[in-house]
Protein chains: 6
Amino acid sequence: MNIKELIKLSLEEDLKTGDITTEYLKLGPKEALAFIVAKEVGILAGLDVVQQVFNFKDPNVHIVSYKKDGDKVAPGDEIIKVSGTAENILKSERVALNFLQRLSGIATLTNRMADLISPYGVKLLDTRKTTPLFRELEKYAVKVGGGYNHRFGLYDMVMLKDNHIEAVGSITEAVKRVKQHNLNYKIEVEVKDLQELMEALKCSVDRVLLDNMSIDELYKAVDTINQDREKSGFKVEAEISGGVNLENIEAYAQTGVDFISTGAITHSAKSLDISLLFREI
Amino acid sequence: MNIKELIKLSLEEDLKTGDITTEYLKLGPKEALAFIVAKEVGILAGLDVVQQVFNFKDPNVHIVSYKKDGDKVAPGDEIIKVSGTAENILKSERVALNFLQRLSGIATLTNRMADLISPYGVKLLDTRKTTPLFRELEKYAVKVGGGYNHRFGLYDMVMLKDNHIEAVGSITEAVKRVKQHNLNYKIEVEVKDLQELMEALKCSVDRVLLDNMSIDELYKAVDTINQDREKSGFKVEAEISGGVNLENIEAYAQTGVDFISTGAITHSAKSLDISLLFREI
Amino acid sequence: MNIKELIKLSLEEDLKTGDITTEYLKLGPKEALAFIVAKEVGILAGLDVVQQVFNFKDPNVHIVSYKKDGDKVAPGDEIIKVSGTAENILKSERVALNFLQRLSGIATLTNRMADLISPYGVKLLDTRKTTPLFRELEKYAVKVGGGYNHRFGLYDMVMLKDNHIEAVGSITEAVKRVKQHNLNYKIEVEVKDLQELMEALKCSVDRVLLDNMSIDELYKAVDTINQDREKSGFKVEAEISGGVNLENIEAYAQTGVDFISTGAITHSAKSLDISLLFREI
Amino acid sequence: MNIKELIKLSLEEDLKTGDITTEYLKLGPKEALAFIVAKEVGILAGLDVVQQVFNFKDPNVHIVSYKKDGDKVAPGDEIIKVSGTAENILKSERVALNFLQRLSGIATLTNRMADLISPYGVKLLDTRKTTPLFRELEKYAVKVGGGYNHRFGLYDMVMLKDNHIEAVGSITEAVKRVKQHNLNYKIEVEVKDLQELMEALKCSVDRVLLDNMSIDELYKAVDTINQDREKSGFKVEAEISGGVNLENIEAYAQTGVDFISTGAITHSAKSLDISLLFREI
Amino acid sequence: MNIKELIKLSLEEDLKTGDITTEYLKLGPKEALAFIVAKEVGILAGLDVVQQVFNFKDPNVHIVSYKKDGDKVAPGDEIIKVSGTAENILKSERVALNFLQRLSGIATLTNRMADLISPYGVKLLDTRKTTPLFRELEKYAVKVGGGYNHRFGLYDMVMLKDNHIEAVGSITEAVKRVKQHNLNYKIEVEVKDLQELMEALKCSVDRVLLDNMSIDELYKAVDTINQDREKSGFKVEAEISGGVNLENIEAYAQTGVDFISTGAITHSAKSLDISLLFREI
Amino acid sequence: MNIKELIKLSLEEDLKTGDITTEYLKLGPKEALAFIVAKEVGILAGLDVVQQVFNFKDPNVHIVSYKKDGDKVAPGDEIIKVSGTAENILKSERVALNFLQRLSGIATLTNRMADLISPYGVKLLDTRKTTPLFRELEKYAVKVGGGYNHRFGLYDMVMLKDNHIEAVGSITEAVKRVKQHNLNYKIEVEVKDLQELMEALKCSVDRVLLDNMSIDELYKAVDTINQDREKSGFKVEAEISGGVNLENIEAYAQTGVDFISTGAITHSAKSLDISLLFREI
C-alpha cells in the first residue's frame with residue numbers, strides 16, 4: 001500500500017459517514033487560518049504527509065511549512081501554516097497530526113540514540129519491529145533522525161537467525177544452502193557466542209549479528225572479527241542487537257562494532273506533542 | 001478497512017516478493033513447535049489477531065492460547081503455542097508479534113491509569129489520537145485494559161470544540177445550529193472556563209469537556225454542574241481532558257467528574273516485550 | 001459506494017463491450033444538440049446526476065440546465081440542453097434518463113403527499129424501503145419533494161421494533177439494555193397500542209412509532225403523549241407508520257402527530273416521463 | 001457487477017458502521033424463527049436473492065422456500081421460513097425484502113400485461129429503462145412474469161433509432177454503414193411511418209420497431225410487412241413501442257405484430273407488499 | 001482489463017519494490033535524449049502503447065513519433081524520440097519495448113501472409129489463440145498488418161464447432177437449438193466434409209468454417225456453396241482454417257473462399273527486433 | 001498480479017458477457033470426456049495452470065495428468081484427461097490451451113538451446129524480454145526447459161548497463177555510487193570491450209556482462225577474467241549477451257564464460273501445437 005492509499009484509508013477511518021459536527025454547523029465556505037505548533041522539544045518528520053493529508057480531498061487548502069523534516073523544534077515553534085475552509089481543515093486535522101506526531105516521535109528518539117553512538121563511528125539501525133503498514137514511513141523517520149535502515153522486509157536480504165539455523169542443523173549448512181540458490185542478495189548470520197561467530201566467519205558471510213552478548217563477549221567478538229579480516233582480506237560487518245537502551249548504548253558503541261540495531265526507536269517511541277491552533281476563522 | 005484486510009496488507013508489506021531466507025533454505029514440510037512468551041509484566045490484548053495472522057495463508061498452523069485478552073503476564077509466561085511448518089511460522093512471526101506487542105502495550109498502560117481512577121468511580125476514555133488504520137484495534141485494547149471508548153470518529157457523536165465555537169461565534173449559536181439539523185446524535189461541548197460551562201449548561205447539551213482546567217477550577221466546575229442537575233433534573237456528563245499523566249491522574253479523579261480522557265494510552269504506549277521461541281524444529 | 005462509482009458501474013452495465021450501433025455508424029466527431037424534455041407534470045430531482053453521467057467519460061459534453069431540482073415541470077418543458085458529439089450523447093442518454101426519471105418520480109409522489117399534510121404541521125418521513133444502492137439518492141429526492149429523512153440505515157439511530165422487543169421480553173428491558181451501552185444515539189420505540197405507548201413513555205425514549213393504529217387510537221395516543229409532556233417537561237416525538245396512502249394521509253395528519261412515514265414514496269413511485277430529443281445533428 | 005457484489009454493497013449501505021440497535025441489545029446467540037409473508041396478490045420473483053442476502057454473512061441462517069419464482073401468492077401466504085440468530089435475521093431483513101418486493105412487483109405487472117396479449121401470439125418485451133445496476137435482475141423478473149427480454153444493453157444488438165438515422169441522413173445510409181462493419185449482430189430499425197417502414201424493408205433488416213404509431217397505422221404497417229415477406233421470403237419481425245398501458249395493450253396486440261415492448265414493467269412497477277414476521281424468538 | 005490497467009500492472013511487474021540500480025545511482029533530475037530504433041525489417045504496431053507506458057508515471061517524458069502504426073521500417077530507422085529524466089526513461093524502457101516488439105512482430109507476420117492472399121480477394125482472419133489479456137492489443141496488431149478480426153471471444157458470435165455438434169447429435173439439431181434462443185447473433189458452423197457442409201447450408205447459417213480440408217475438397221466445397229447461393233439467393237460466407245502457413249497460404253486463397261483464419265499470426269509471431277539507445281544523457 | 005488473478009482475467013477476457021454458443025445449446029449437465037493431445041514434438045510446461053483454468057469456476061471438472069512439466073511429447077501423445085460438464089470444458093478450453101501452448105513453446109526452445117551449451121558447463125539465462133504480466137510464468141517455463149533465471153525485474157539485482165554508465169560518466173563512478181547506498185544486492189556491469197572489462201574488474205563487481213563481443217574478443221575477455229581471479233582470489237562471473245541463436249550458441253559456449261543470456265527464448269518462441277479433443281460427450 002502506498003502512502004496515498006494509506007492517507008485515503010486513514011481519512012475514511014476517521015470520517016466514515018461524515019463529520020457530523022461540522023456538517024450540522026453549516027459553516028459554508030468560511031475560511032480559516034491555522035498553525036501547527038510544537039509543544040515539546042523534538043525532531044520533526046512527516047511534514048510532507050501532513051500536506052498530503054490536508055490536500056487529499058481539497059487541493060485548495062494551502063500549506064506553508066516553516067520547518068523541514070529533521071529540524072529541531074521547541075515548545076511554541078510554529079511548524080506549518082494551514083489556510084483554507086474551516087470545514088476542510090477540521091476534517092483533516094486529527095489524521096494529519098496523528099501521522100506527524102508519531103513520525104516525529106520516532107525521529108526524536110532515534111536522534112537521541114544516534115547522537116550517543118555516532119562519535120564512535122557506529123551506525124544506529126532500525127528493525128522490522130514497526131507498526132504494520134507504516135514500515136516505509138517509520139523507516140523514513142529513522143533516517144530523518146540520523147539512523148540507518150536495516151532490511152525493509154523478508155524480501156531484500158538473507159538473514160539467518162537462530163531458528164533458521166536450528167531448522168537445518170548448523171550455520172555451515174544454512175549458509176551452504178543459501179549460497180546454492182541465492183545469486184543476488186547479501187547474507188547476514190545471527191550468532192550468540194564466539195564459537196558460532198567463528199563458524200560464521202568460516203562460511204564467508206557478509207555480516208554477523210551478535211545477539212544479546214555481554215559487553216565483555218562483544219570485545220572478544222570484535223577481536224575475533226578483526227583477526228579474520230586480516231587473514232582473509234574481506235571485511236565482515238558486525239552488528240549488535242538486544243537489550244540496548246538510552247542508558248547503555250554508548251558502552252555498546254565503544255566495543256568497536258559497525259552497527260547497533262534496536263526495535264525501540266520504532267515500536268516504543270512516544271508521540272511528539274504537536275497541535276493545531278486556529279488563529280483566524 | 002477490516003482486520004482481515006489489515007492483516008493481508010501487513011503480511012504483504014513484510015513479504016513483498018517473498019521470504020528469501022526461508023525459501024533459499026528449502027525447509028520443505030518440516031514441522032516446528034514454537035511458543036510466544038512474555039518478557040515483561042503487562043496486560044495482553046490481540047491474541048485473536050495473532051491467530052488470524054498465522055492462519056492467514058496457512059490454516060494448518062495450529063494455535064493454542066494459554067491466556068486470553070485482559071490476562072496479566074509476567075516474564076517467562078507462555079502465552080501461545082504455535083505448531084506448523086517452520087517455513088510458515090517464520091513468515092508470519094514478525095507481523096503477529098508487531099500486532100500483539102503494540103496492542104498489549106496499550107492495554108498495559110490503560111490498565112495502569114484506569115486502576116488509579118476507578119476507585120473514585122471515574123472512567124478512563126480514549127481519544128481519536130490513534131495510529132491511522134488501527135483505531136478499531138487500539139480502542140479494543142483500551143477496553144481490554146479497563147478503559148472506555150469515546151467516539152470512534154467524526155461520525156458518531158457531535159463534539160463542539162473551541163475551533164467550532166469560534167467559527168460560529170458562540171456556544172449558544174453552535175448548539176442551536178446543531179439542534180436544527182441533528183435528530184439522532186448526542187452533543188458534547190468543550191469549555192475552557194466556568195463562564196463557558198454555564199453557557200453550555202443553558203443550552204442543554206449532553207456532555208461537557210472541561211479542557212485543560214486546573215484542579216481548583218475543576219472542583220468549581222463540578223459544583224456548577226451539580227447545581228444545574230438539581231435545577232433541571234437532567235444529568236449533564238462531565239469529562240476532563242489535557243495534561244493528564246500517571247502522576248496526576250488520581251488528583252483529577254478526585255474532583256468528581258465522570259470521565260477522564262487521554263491520548264497517551266494510544267499514541268505513547270510502549271510495546272510490551274514479547275517474543276516467539278522455537279522449542280522443536 | 002459513492003455516486004461517481006454508481007454512475008461508472010451503471011454506464012458499464014449498459015455499454016459492456018461497447019455501443020455497437022454507434023460504433024458501426026462511424027459518426028466521428030459529429031456534434032449534436034439535444035434537449036431533455038418533460039412529458040408529464042411532476043417535480044424534478046437528479047439534474048446533477050444527469051450532468052455527471054454525461055460528463056463521466058466525456059468532459060466536453062456541455063450541459064445547460066434550464067431547471068433546478070425541486071422545480072415543477074409540465075409536458076413539453078425543456079429541462080436540460082445537451083451538446084457534444086452525437087456518439088457520446090447517445091452512449092449516455094439512457095443511463096442519464098434512468099436516473100432522472102426515477103428520482104423525479106420519487107420527488108413527485110413525495111410532493112403530492114407532503115402537500116396534503118404540511119398544513120397540519122406534520123412532516124412526511126421516508127423509510128429504509130429504498131432501492132438497494134440508491135438510498136442516498138432516493139432520500140435526496142424525498143427532500144427535494146418536500147419530505148424529511150428518517151434514519152439512513154441501521155447505523156445512525158436506535159430503533160426498537162416489535163421483533164427487538166419480543167427478543168428481550170419487554171420495552172422496558174429493551175430500552176434499559178440500550179441505555180447501558182449507547183452513549184451517542186437517540187432512541188425510537190415502536191408501539192402497537194396505548195399500553196405499550198405508556199410503557200415507552202415511562203422509559204424516557206426520544207420518539208415513539210405508532211404502528212398501524214386506527215385513527216381513533218391515534219387521537220388517544222396523542223392525548224397520552226401530551227399528558228406525559230406536561231408531566232415530565234420533556235417532548236417525546238410521535239411518528240405514524242403503516243397503511244398510509246394519498247387518500248387517507250390527511251386524516252392521519254389531523255390527529256396531531258409530528259411525523260408520518262411511508263415506504264411508498266420510494267418503493268412504489270412511478271418514473272416521471274422524460275425524454276431526450278435531438279434537435280440538430 | 002455480479003449479484004454477489006450487489007448484495008454485498010447493499011448490506012454495507014444499510015449497515016455501514018453497524019446495526020446499533022441490535023448490538024446494544026446484546027442478544028447473543030438467541031435463535032429466532034421468522035416467516036416472509038405476502039400481504040397482497042402478486043407473482044413472486046427473487047427468492048434466490050433473498051437466500052443469498054440472508055446467507056451472505058451468516059451461512060447458518062436457514063432458509064426454506066415454500067414457493068418458487070413465478071408462483072402466485074395471496075395475502076397471508078407464507079413464502080419463506082427463516083431460522084437463525086435473531087441478530088443476523090434482523091440485520092439482513094430489510095435488504096432481503098427490498099430486493100424481493102421490487103422484483104416481485106415487476107413480475108406481477110409483467111404478468112398482468114403479458115396475459116392480455118399472449119392469446120394473440122404476441123410477446124411482451126422489456127426495454128433498457130431499468131434501475132441502474134439492476135438490469136440483469138429486473139430482466140429476470142420480466143421473464144418470471146411471462147415477458148421476454150429485448151437486448152441487455154448497447155452491446156448485444158444493433159438498434160437504429162431516430163437519432164442515429166438523423167445523424168447519418170437516412171435509414172438506407174445507416175443500414176449500409178452498419179453492414180460494412182458488423183459481421184455478427186442482427187439489426188433493428190425504428191420507423192415512425194409507412195414510408196420509413198418501406199425504406200427499412202428494402203434494406204433487409206432483421207426487425208422493425210414501429211414507434212408511437214396509431215392502431216390504424218399499425219394495421220397498415222403489418223400489411224406492408226406481410227407483403228414484403230411474401231416477396232422476399234424473409235421474415236422481418238415487427239415490434240411496437242410507445243404509449244402502451246394495461247388499458248390499451250390488447251388492442252395493440254390485435255394488430256398482428258410480433259412484439260410489444262414497454263418500459264413501464266420495469267420503471268413503474270409498484271413493489272409487492274411482503275413482510276417478515278417473527279413467530280418465535 | 002483495459003490497456004491502462006495492463007500498463008500499470010506491467011510496470012509494477014518489472015519494478016515491484018523499485019529500480020534499485022537507478023535509485024542507487026542518484027541521477028536526480030538529469031535529462032536524457034533517447035531513440036527507439038528498428039533493428040530489422042517489419043511493420044510497426046503499438047506506438048501509442050509506448051507513449052502510454054512512458055507517460056504512465058511521468059507525464060513529462062516527451063515522446064515524438066517519427067512513424068505511425070502500419071509503417072514499414074528497416075534496420076536503423078528511428079521510430080520514436082524520447083526525452084525526459086534519465087531515471088524515468090530507464091524505468092519504463094523494457095516494458096515499453098516488450099509491448100512494441102510483440103505487437104510489431106504480429107503486424108509483421110500478418111502483413112506477410114495477408115499480402116499473399118489479398119490479390120485473390122481473400123481476407124486473413126485471426127483467431128482466439130492470443131496471449132491471455134492481450135487479445136484486444138493483438139487483434140489490433142492484426143488489423144494494422146492488414147488482417148481482419150474474427151470474433152473477440154465466446155460472447156460476440158455463435159460458433160458451432162465439432163464438439164458442440166457432437167454434444168447435441170447433429171448440425172441440424174445444434175442450429176435449431178441456437179435459433180430458438182438467439183435473437184441477435186450470427187451463426188457460423190464448422191464442417192469437416194462435403195456432407196456436413198450440405199447439412200449446414202440447409203440450416204441457413206451465416207458462415208461455414210471448412211476445417212482442415214485438402215485443397216481438392218476445398219474446391220468442391222466452394223462449388224457447393226456457390227450452387228447454394230444461386231438457389232437460395234442468400235450468400236453464405238466460407239472460411240478456411242487449419243494447417244495454413246506462409247508456404248501454402250496462396251494455394252488456399254486460390255480456392256475461392258472468403259476468409260482464411262490462422263492462429264500463427266498471434267501465437268507464433270517472433271518479436272520484432274527494436275531497441276532504445278541513449279544519444280545524450 | 002498472481003496467477004489466480006491472471007487466470008480470472010483471462011477467462012473474463014474470453015467470456016465477457018457469456019459463451020453464447022454453449023448457452024444457446026442448453027446442454028444442461030451433460031458430461032463429456034476430453035483429451036489434451038500433443039500435435040508436435042516439444043517439452044511441456046504449464047500443466048498446473050491448465051488445471052487451475054479448468055477448475056477456476058468449476059471445481060468438479062476433473063483433470064488427470066499423464067505427463068508432468070519438463071516431459072517431452074511427440075504428436076499424438078495424450079497429455080491430460082479432462083472430464084466434467086461439456087459446457088464448462090468448452091468455456092475454459094481455449095484459455096487453458098493458450099497458456100499451455102505458450103509456456104510449452106518457451107520450454108521447448110529453451111531446451112534446444114540449453115542442450116547445446118550444457119556440455120561446456122555454461123548456463124542459459126533468460127532476460128526481462130518477457131510478455132508483460134507473464135514474467136513469472138515464462139521464467140518458470142525457462143527453468144522447466146533447462147535454463148536458469150536472471151533477475152526477475154529491476155528490483156532484485158543491480159545491473160549497470162551502458163546507459164547507466166554514460167549517465168554518471170564511468171564504470172568506476174557508477175559502481176562507487178551504488179556501493180555507497182547498496183547494502184544488500186549483488187552488482188553486475190555491462191562492458192563492451194576489454195578496456196571496460198578491466199575497469200569493471202578493478203571495481204570489484206560480482207558479474208560482468210560481455211555485450212555483443214565477437215568470439216575472438218570473448219576469448220580474450222575470459223583470459224583477462226581468469227587472470228584477475230588468480231590475483232584477487234575472488235571469482236567474477238562472466239555472462240554473454242547479444243546476437244545469440246541456435247546456430248552460433250555452441251561457439252559462444254566454447255569461450256569459457258559462465259552464462260549466456262538471450263531474450264529469444266521468451267519473446268520469440270513459437271507456441272507448441274497442442275489441442276483438446278472430445279472423445280465422449
# chains A, B, ... in the order shown; residues from 1 in each chain; ligands from 1
>>> interface_residues(of="chain F", to="chain C", cutoff="12 Å", atoms="only C-alpha atoms", output="list in words")
Glu12, Glu13, Asp14, Leu15, Lys16, Thr17 and Gly18 of chain F
>>> select_by_dssp(residues="segment 43-219 of chain B", states="strand (DSSP E or B)", output="ChimeraX atom specification")
/B:43,62-65,72-73,78-85,123-125,148,158-160,185,187-191,207-211
>>> closest_residue(among="E:Leu33, E:Ile20, E:Ile63, E:Ala96", to="Leu6 of chain E", atoms="only C-alpha atoms")
E:Ala96
>>> residues_around(residues="Ser65 of chain E", least_positions_apart="5", cutoff="9 Å", atoms="only C-alpha atoms", output="mmCIF file with N, CA, C and O atoms, in the first residue's frame")
data_model
loop_
_atom_site.group_PDB
_atom_site.id
_atom_site.type_symbol
_atom_site.label_atom_id
_atom_site.label_comp_id
_atom_site.auth_asym_id
_atom_site.auth_seq_id
_atom_site.Cartn_x
_atom_site.Cartn_y
_atom_site.Cartn_z
ATOM 1 N N LEU E 47 2.638 1.902 -31.223
ATOM 2 C CA LEU E 47 3.342 3.147 -30.876
ATOM 3 C C LEU E 47 2.595 3.917 -29.787
ATOM 4 O O LEU E 47 3.210 4.538 -28.921
ATOM 5 N N GLN E 51 3.920 5.238 -25.902
ATOM 6 C CA GLN E 51 3.714 6.562 -25.298
ATOM 7 C C GLN E 51 3.045 6.455 -23.939
ATOM 8 O O GLN E 51 3.456 7.101 -22.969
ATOM 9 N N GLU E 78 14.843 5.401 -37.218
ATOM 10 C CA GLU E 78 14.413 5.950 -35.933
ATOM 11 C C GLU E 78 12.887 5.944 -35.889
ATOM 12 O O GLU E 78 12.216 6.403 -36.804
ATOM 13 N N ILE E 79 12.361 5.428 -34.833
ATOM 14 C CA ILE E 79 10.907 5.285 -34.710
ATOM 15 C C ILE E 79 10.311 6.346 -33.783
ATOM 16 O O ILE E 79 9.348 7.014 -34.115
ATOM 17 N N ILE E 80 10.926 6.497 -32.640
ATOM 18 C CA ILE E 80 10.405 7.424 -31.627
ATOM 19 C C ILE E 80 11.573 8.116 -30.949
ATOM 20 O O ILE E 80 12.600 7.490 -30.660
ATOM 21 N N LYS E 81 11.387 9.409 -30.678
ATOM 22 C CA LYS E 81 12.356 10.144 -29.860
ATOM 23 C C LYS E 81 11.769 10.295 -28.470
ATOM 24 O O LYS E 81 10.629 10.724 -28.318
ATOM 25 N N VAL E 82 12.550 9.932 -27.458
ATOM 26 C CA VAL E 82 12.091 10.018 -26.067
ATOM 27 C C VAL E 82 12.985 10.987 -25.324
ATOM 28 O O VAL E 82 14.200 10.826 -25.311
#
>>> select_by_dssp(residues="segment 1-159 of chain C", states="helix (DSSP H, G or I)", output="ChimeraX atom specification")
/C:3-15,20-25,47-57,86-120,135-144
>>> residues_around(residues="Leu160 of chain F", least_positions_apart="4", cutoff="9 Å", atoms="only C-alpha atoms", output="mmCIF file with N, CA and C atoms, in the first residue's frame")
data_model
loop_
_atom_site.group_PDB
_atom_site.id
_atom_site.type_symbol
_atom_site.label_atom_id
_atom_site.label_comp_id
_atom_site.auth_asym_id
_atom_site.auth_seq_id
_atom_site.Cartn_x
_atom_site.Cartn_y
_atom_site.Cartn_z
ATOM 1 N N THR E 21 18.926 -0.211 -9.279
ATOM 2 C CA THR E 21 20.107 0.302 -9.971
ATOM 3 C C THR E 21 20.028 1.814 -10.117
ATOM 4 N N THR E 22 18.934 2.262 -10.693
ATOM 5 C CA THR E 22 18.807 3.691 -10.936
ATOM 6 C C THR E 22 18.734 4.468 -9.624
ATOM 7 N N HIS F 164 23.379 3.568 -17.976
ATOM 8 C CA HIS F 164 23.653 3.996 -16.595
ATOM 9 C C HIS F 164 25.061 4.562 -16.492
ATOM 10 N N ILE F 165 25.980 3.870 -17.153
ATOM 11 C CA ILE F 165 27.391 4.274 -17.051
ATOM 12 C C ILE F 165 27.582 5.642 -17.697
ATOM 13 N N ILE F 171 32.318 3.612 -15.429
ATOM 14 C CA ILE F 171 32.016 2.423 -14.642
ATOM 15 C C ILE F 171 32.450 2.637 -13.198
ATOM 16 N N ALA F 174 30.033 4.795 -11.413
ATOM 17 C CA ALA F 174 28.738 4.116 -11.233
ATOM 18 C C ALA F 174 28.810 3.111 -10.091
ATOM 19 N N VAL F 175 29.855 2.282 -10.094
ATOM 20 C CA VAL F 175 29.988 1.276 -9.037
ATOM 21 C C VAL F 175 30.170 1.959 -7.684
ATOM 22 N N ILE F 187 26.096 -6.911 -7.721
ATOM 23 C CA ILE F 187 26.253 -5.910 -8.784
ATOM 24 C C ILE F 187 26.805 -6.554 -10.052
ATOM 25 N N GLU F 188 26.090 -6.311 -11.175
ATOM 26 C CA GLU F 188 26.595 -6.749 -12.479
ATOM 27 C C GLU F 188 26.831 -5.510 -13.341
ATOM 28 N N VAL F 189 27.899 -5.546 -14.154
ATOM 29 C CA VAL F 189 28.219 -4.397 -15.008
ATOM 30 C C VAL F 189 28.346 -4.859 -16.456
ATOM 31 N N GLU F 190 27.713 -4.107 -17.347
ATOM 32 C CA GLU F 190 27.826 -4.404 -18.774
ATOM 33 C C GLU F 190 29.099 -3.759 -19.312
#
>>> residues_around(residues="segment 115-132 of chain F", least_positions_apart="5", cutoff="7 Å", atoms="only C-alpha atoms", output="list in words")
Ser10 and Asn98 of chain E; Glu138, Gly147, Tyr148, Asn149, His150, Phe152, Gly153, Glu250, Ala253, Gln254, Val257, Asp258, Phe259, Ile260, Ser261, Thr262, Gly263, Thr266 and His267 of chain F
>>> atom_distance(atom1="atom CA of Phe54 of chain E", atom2="atom CA of Ala269 of chain E")
24.8 Å
>>> residues_around(residues="segment 218-232 of chain A", least_positions_apart="6", cutoff="9 Å", atoms="only C-alpha atoms", output="VMD selection string")
chain A and resid 193 to 194 197 to 198 201 to 202 210 238 240 252 254 to 257
>>> write_last_selection(atoms="C-alpha atoms", output="PDB file, in the first residue's frame")
ATOM      1  CA  ASP A 193      28.637 -16.802  21.149  1.00  0.00           C
ATOM      2  CA  LEU A 194      32.246 -16.869  19.943  1.00  0.00           C
ATOM      3  CA  LEU A 197      30.914 -16.425  15.346  1.00  0.00           C
ATOM      4  CA  MET A 198      33.930 -18.399  14.211  1.00  0.00           C
ATOM      5  CA  LEU A 201      33.321 -16.321   9.630  1.00  0.00           C
ATOM      6  CA  LYS A 202      34.498 -19.559   8.041  1.00  0.00           C
ATOM      7  CA  LEU A 210      25.990 -10.504  17.657  1.00  0.00           C
ATOM      8  CA  ALA A 238      29.435  -6.622  12.832  1.00  0.00           C
ATOM      9  CA  ILE A 240      24.811  -5.719  17.839  1.00  0.00           C
ATOM     10  CA  TYR A 252      27.935  -0.901  23.416  1.00  0.00           C
ATOM     11  CA  GLN A 254      32.654   1.591  22.423  1.00  0.00           C
ATOM     12  CA  THR A 255      33.182  -2.094  21.662  1.00  0.00           C
ATOM     13  CA  GLY A 256      34.106  -1.314  18.063  1.00  0.00           C
ATOM     14  CA  VAL A 257      31.165  -2.842  16.172  1.00  0.00           C
TER      15      VAL A 257
END
>>> closest_residue(among="A:Leu27, A:Glu136, A:Ile215, A:Gln52", to="Val95 of chain A", atoms="only C-alpha atoms")
A:Gln52
>>> residues_around(residues="Val73 of chain E", least_positions_apart="6", cutoff="7 Å", atoms="only C-alpha atoms", output="number ranges by chain")
E: 38, 41-43
>>> write_last_selection(atoms="N, CA and C atoms", output="CSV table (one decimal), in the first residue's frame")
chain,number,residue,atom,x,y,z
E,38,ALA,N,14.7,0.7,-35.1
E,38,ALA,CA,14.4,-0.6,-35.6
E,38,ALA,C,15.7,-1.3,-35.9
E,41,VAL,N,13.7,-5.5,-40.5
E,41,VAL,CA,12.6,-5.1,-41.4
E,41,VAL,C,11.3,-5.6,-40.8
E,42,GLY,N,10.3,-4.7,-40.8
E,42,GLY,CA,9.0,-5.1,-40.3
E,42,GLY,C,8.0,-4.0,-40.3
E,43,ILE,N,6.8,-4.4,-39.8
E,43,ILE,CA,5.7,-3.4,-39.7
E,43,ILE,C,5.4,-3.0,-38.3
>>> atom_distance(atom1="atom CA of Gly145 of chain D", atom2="atom CA of Asp273 of chain D")
16.6 Å
>>> atom_distance(atom1="atom CA of Val37 of chain D", atom2="atom CA of Asp77 of chain D")
5.6 Å
